[in-house]
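Visitor: Once you've had a glance at the structure underneath, I'll fire off some questions.
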Amino acid sequence: MSEHTSGGSPTVRRRRLGAELRRLREQAGLSADDAARHLECSPSKISRVETGRTPARLRDVRDLLDLYKLQDTSRRQALLDLVRQAKEQGWWQSFGDAVPEWLETLIGLEGDAQAILTYESALVPGLLQTEEYTRALALDFDRDGSPSEAERTVAFKRERQKRLSQSGWPQVRVILDEAVLRRPVGGPGVLRGQLEHLLAEAARGRVTIQVIPFEAGGYQAQGFPFTLFEFPDARDQPVVYLEELAGAMYLEKAHEVQRYKVAFEKLRACALGPDEAGAMITRIVEKVKQE
């Protein structure tokens, strides 16, 4: 492990620290139960720390490094520095309870990703949504919610997009089912603005968009959206994000991630290329103008 550990969001630092601790534990021939007994905690706590879901305490990490017999002074210091850095607050924490823990992880991954590969079957991906589209979704999702809550969602997503732009927009490759382009979220005017925004982002080179047309029929992964994050630092393994109604799942095991990499390539193979997709979106915009 390199001594340089300062890069990355708190989310990615926690995951990097956890991966290093897991690697050291396995190299020492110890189980999570062994580590838990040493710290006098539950094995589930060890699992949460190793997967980056729970911030690690400095004292616990010191004790674990002793247990794993890590003698290298520079590596020990780098890991202890990482514990401190992982506790720094992310910008999103200023939005309070509007950002649940599962979403904090997503934002952290976005901010450090080198490539974001997304397949969506129903809605425009969050990073590419216009404010009007986001507002309509927020009001539809929570019919009992207040307009002020919807505006907070819009403000949060606007800040999310702005922060990503400031840090250097990653390579974004998006595959959309044609249904995404035709669903009139917020009405024809909102849909038209959203589609024009997709065309503008593609023209700027910030996103590569492909579309799976209706005539393609059934296809692998149909109806099961996912996002795959890849990172520039070899220490940070790719992660797959799966959204649920009230949360999210993050897959990190190599065989799980590989399955989604293969699925994404198969989706690309049955989708229209970027130029054809752009032409389709343009045709739909013209049709929506007439409605």
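Ordering of the structure tokens sets the chain letters (A, B, ...), residue numbers begin anew at 1 in every chain, and ligands are numbered from 1 in the order given.
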Which residues, written as number ranges by chain, have at least one atom at most 8 Å from region 103-110 of chain A, with only C-alpha atoms counted and residues fewer than 4 positions away on the same chain left out?
Guide: A: 9-12, 92, 99, 116, 160, 164, 229, 241, 247-248
Visitor: Quick one: everything within 12 Å of Ala138 (chain A), counting only C-alpha atoms, minus sequence neighbours fewer than 5 positions away in the same chain. Send it as a count of residues only.
Guide: 22
Visitor: Please list as a ChimeraX atom specification every residue within 9 Å of Leu128 (chain A), counting only C-alpha atoms and excluding residues in the same chain fewer than 5 positions away.
Guide: /A:161,194,197-198,201,207
Visitor: Quick one: write out the picked residues with all heavy atoms as a PDB file, in the first residue's frame?
Guide:
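Final output, saved to selection12.pdb:
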```pdb
ATOM      1  N   GLN A 161     -24.556  17.564  -8.879  1.00  0.00           N
ATOM      2  CA  GLN A 161     -24.056  17.705 -10.244  1.00  0.00           C
ATOM      3  C   GLN A 161     -22.948  18.747 -10.325  1.00  0.00           C
ATOM      4  O   GLN A 161     -21.942  18.555 -11.009  1.00  0.00           O
ATOM      5  CB  GLN A 161     -25.216  18.076 -11.177  1.00  0.00           C
ATOM      6  CG  GLN A 161     -26.255  16.977 -11.311  1.00  0.00           C
ATOM      7  CD  GLN A 161     -27.501  17.449 -12.050  1.00  0.00           C
ATOM      8  OE1 GLN A 161     -27.692  18.640 -12.275  1.00  0.00           O
ATOM      9  NE2 GLN A 161     -28.366  16.516 -12.424  1.00  0.00           N
ATOM     10  N   GLN A 194     -35.858  17.841 -20.726  1.00  0.00           N
ATOM     11  CA  GLN A 194     -34.946  16.796 -20.278  1.00  0.00           C
ATOM     12  C   GLN A 194     -34.230  16.144 -21.457  1.00  0.00           C
ATOM     13  O   GLN A 194     -33.010  15.911 -21.408  1.00  0.00           O
ATOM     14  CB  GLN A 194     -35.721  15.739 -19.486  1.00  0.00           C
ATOM     15  CG  GLN A 194     -34.877  14.563 -19.025  1.00  0.00           C
ATOM     16  CD  GLN A 194     -33.767  14.972 -18.087  1.00  0.00           C
ATOM     17  OE1 GLN A 194     -34.004  15.270 -16.916  1.00  0.00           O
ATOM     18  NE2 GLN A 194     -32.529  14.983 -18.561  1.00  0.00           N
ATOM     19  N   HIS A 197     -31.648  18.375 -22.823  1.00  0.00           N
ATOM     20  CA  HIS A 197     -30.490  18.395 -21.925  1.00  0.00           C
ATOM     21  C   HIS A 197     -29.588  17.186 -22.188  1.00  0.00           C
ATOM     22  O   HIS A 197     -28.351  17.316 -22.197  1.00  0.00           O
ATOM     23  CB  HIS A 197     -30.975  18.382 -20.471  1.00  0.00           C
ATOM     24  CG  HIS A 197     -29.867  18.383 -19.468  1.00  0.00           C
ATOM     25  ND1 HIS A 197     -29.019  19.455 -19.281  1.00  0.00           N
ATOM     26  CD2 HIS A 197     -29.438  17.416 -18.595  1.00  0.00           C
ATOM     27  CE1 HIS A 197     -28.144  19.168 -18.336  1.00  0.00           C
ATOM     28  NE2 HIS A 197     -28.371  17.937 -17.906  1.00  0.00           N
ATOM     29  N   LEU A 198     -30.184  16.024 -22.414  1.00  0.00           N
ATOM     30  CA  LEU A 198     -29.381  14.839 -22.735  1.00  0.00           C
ATOM     31  C   LEU A 198     -28.574  15.059 -24.006  1.00  0.00           C
ATOM     32  O   LEU A 198     -27.378  14.716 -24.062  1.00  0.00           O
ATOM     33  CB  LEU A 198     -30.295  13.615 -22.903  1.00  0.00           C
ATOM     34  CG  LEU A 198     -30.983  13.066 -21.651  1.00  0.00           C
ATOM     35  CD1 LEU A 198     -31.850  11.876 -22.028  1.00  0.00           C
ATOM     36  CD2 LEU A 198     -29.981  12.688 -20.578  1.00  0.00           C
ATOM     37  N   GLU A 201     -25.651  17.453 -23.239  1.00  0.00           N
ATOM     38  CA  GLU A 201     -24.575  16.825 -22.474  1.00  0.00           C
ATOM     39  C   GLU A 201     -23.761  15.884 -23.358  1.00  0.00           C
ATOM     40  O   GLU A 201     -22.529  15.812 -23.238  1.00  0.00           O
ATOM     41  CB  GLU A 201     -25.148  16.062 -21.276  1.00  0.00           C
ATOM     42  CG  GLU A 201     -25.754  16.943 -20.203  1.00  0.00           C
ATOM     43  CD  GLU A 201     -24.699  17.791 -19.498  1.00  0.00           C
ATOM     44  OE1 GLU A 201     -24.352  18.875 -20.019  1.00  0.00           O
ATOM     45  OE2 GLU A 201     -24.209  17.368 -18.447  1.00  0.00           O
ATOM     46  N   VAL A 207     -21.054  12.776 -21.667  1.00  0.00           N
ATOM     47  CA  VAL A 207     -21.740  11.502 -21.497  1.00  0.00           C
ATOM     48  C   VAL A 207     -21.897  10.834 -22.856  1.00  0.00           C
ATOM     49  O   VAL A 207     -22.086  11.504 -23.875  1.00  0.00           O
ATOM     50  CB  VAL A 207     -23.121  11.719 -20.828  1.00  0.00           C
ATOM     51  CG1 VAL A 207     -23.994  12.635 -21.657  1.00  0.00           C
ATOM     52  CG2 VAL A 207     -23.822  10.393 -20.608  1.00  0.00           C
TER      53      VAL A 207
END
```
Visitor: Here is a test: counting only C-alpha atoms, which residue of A:Val285, A:Leu117, A:Leu139, A:Val180 is nearest to Leu195 (chain A)?
Guide: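 Checking each candidate against Leu195 (chain A), we get A:Val285 as the closest.
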Visitor: From the DSSP assignment of the backbone, select every residue of region 141-211 of chain A that is strand (DSSP E), and format the answer as a count of residues only.
Guide: 12
Visitor: Residues at most 9 Å from Glu276 (chain A), counting only C-alpha atoms, excluding those fewer than 4 positions away in the same chain, as a PyMOL selection string?
Guide: chain A and resi 210-211+272+280-281
Visitor: Using only all heavy atoms, please write the residues we just selected to a file, as a short mmCIF file (atom, residue, chain, number, x, y, z; two decimals), in the first residue's frame.
Guide:
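Result file selection-v4.cif:
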```cif
data_model
loop_
_atom_site.label_atom_id
_atom_site.label_comp_id
_atom_site.auth_asym_id
_atom_site.auth_seq_id
_atom_site.Cartn_x
_atom_site.Cartn_y
_atom_site.Cartn_z
N GLN A 210 -26.46 5.55 -25.23
CA GLN A 210 -27.00 4.56 -26.16
C GLN A 210 -28.43 4.23 -25.73
O GLN A 210 -28.80 4.42 -24.56
CB GLN A 210 -26.15 3.29 -26.14
CG GLN A 210 -24.76 3.47 -26.72
CD GLN A 210 -23.99 2.15 -26.79
OE1 GLN A 210 -23.06 1.93 -26.01
NE2 GLN A 210 -24.38 1.28 -27.71
N VAL A 211 -29.22 3.77 -26.69
CA VAL A 211 -30.63 3.48 -26.41
C VAL A 211 -30.98 2.09 -26.94
O VAL A 211 -30.60 1.74 -28.07
CB VAL A 211 -31.56 4.53 -27.08
CG1 VAL A 211 -33.02 4.15 -26.87
CG2 VAL A 211 -31.28 5.92 -26.52
N LEU A 272 -28.66 0.91 -29.68
CA LEU A 272 -28.26 1.79 -30.77
C LEU A 272 -26.96 2.50 -30.37
O LEU A 272 -26.77 2.84 -29.19
CB LEU A 272 -29.34 2.83 -31.04
CG LEU A 272 -30.72 2.33 -31.45
CD1 LEU A 272 -31.68 3.51 -31.57
CD2 LEU A 272 -30.65 1.55 -32.76
N MET A 280 -32.54 9.36 -32.55
CA MET A 280 -33.83 8.95 -31.98
C MET A 280 -34.33 9.98 -30.98
O MET A 280 -35.51 10.36 -31.01
CB MET A 280 -33.72 7.58 -31.30
CG MET A 280 -34.97 7.22 -30.51
SD MET A 280 -34.85 5.64 -29.63
CE MET A 280 -35.27 4.51 -30.96
N ILE A 281 -33.45 10.46 -30.12
CA ILE A 281 -33.86 11.45 -29.12
C ILE A 281 -34.33 12.72 -29.80
O ILE A 281 -35.34 13.32 -29.41
CB ILE A 281 -32.68 11.76 -28.16
CG1 ILE A 281 -32.33 10.51 -27.35
CG2 ILE A 281 -33.05 12.90 -27.22
CD1 ILE A 281 -31.08 10.65 -26.51
#
```
Visitor: Would you kindly return, as a list in words, each protein, DNA or RNA residue with an atom no farther than 12 Å from any atom of Lys45 (chain A), considering only C-alpha atoms and excluding same-chain residues fewer than 3 positions away?
Guide: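 Contacts, with the query itself left out: Gly18, Ala32, Asp33, Ala35, Ala36, Arg37, Leu39, Glu40, Cys41, Ser42, Arg48, Val49, Glu50, Thr51, Gly52, Arg53, Thr54, Pro55, Ala56, Arg57 and Asp60 of chain A.
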Visitor: Can you tell me which residues surround Arg23 (chain A) at a distance of at most 12 Å, considering only C-alpha atoms, apart from same-chain residues fewer than 5 positions away, and format the answer as a PyMOL selection string?
Guide: chain A and resi 1+16-18+28-32+50-51+64-65+68+70+235
Visitor: At a cut-off of 7 Å, using only C-alpha atoms, what residues contact Val240 (chain A)? Leave out same-chain residues fewer than 5 positions from it and give the result as a PyMOL selection string.
Guide: chain A and resi 226-229+250-252+257
Visitor: Export C-alpha atoms of the chosen residues as a tab-separated table (two decimals), in the first residue's frame?
Guide:
```tsv
chain	number	residue	atom	x	y	z
A	226	PHE	CA	-27.69	-0.80	-12.18
A	227	THR	CA	-24.65	1.45	-12.04
A	228	LEU	CA	-21.04	0.28	-12.13
A	229	PHE	CA	-18.33	2.52	-10.67
A	250	TYR	CA	-23.62	-2.21	-3.09
A	251	LEU	CA	-21.90	-5.24	-4.61
A	252	GLU	CA	-18.11	-5.50	-4.37
A	257	VAL	CA	-18.98	-7.14	-10.28
```
Visitor: As an exercise, work out the distance from CA of Phe264 (chain A) to CA of Ile175 (chain A) in Å and give it to one decimal place.
Guide: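 Atom-to-atom, CA of Phe264 (chain A) and CA of Ile175 (chain A) are spaced 8.5 Å apart.
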Visitor: Name the closest residue to Ala115 (chain A) among the candidates A:Arg173, A:Arg84, A:Arg75, A:Arg62; distances are taken between atoms, counting only C-alpha atoms.
Guide: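 Looking only at the distances to Ala115 (chain A), the closest residue turns out to be A:Arg173.
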Visitor: Under the rule that only C-alpha atoms are counted, which of A:Gln237, A:His38, A:Tyr119, A:Gly278 is the nearest residue to Ala203 (chain A)?
Guide: A:Gly278
Visitor: Using Å and a single decimal, report how far CA of Leu58 (chain A) sits from CA of Val83 (chain A).
Guide: 6.3 Å
Visitor: Which one is closest to Pro188 (chain A): A:Val61, A:Leu242, A:Val288, A:Ala200? Count only C-alpha atoms.
Guide: A:Val288
Visitor: Counting only C-alpha atoms, figure out which residue out of A:Glu178, A:Glu244, A:Glu20, A:Asp140 gets nearest to Gly217 (chain A).
Guide: A:Glu178
Visitor: Could you tell me how far CA of Ala263 (chain A) lies from CA of Glu230 (chain A), in Å and to one decimal?
Guide: 15.3 Å
Visitor: Between A:Phe141, A:Tyr219, A:Phe214, A:Trp102, which has the minimum distance to Lys266 (chain A) (counting only C-alpha atoms)?
Guide: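 Under the stated criterion, the closest residue is A:Tyr219.
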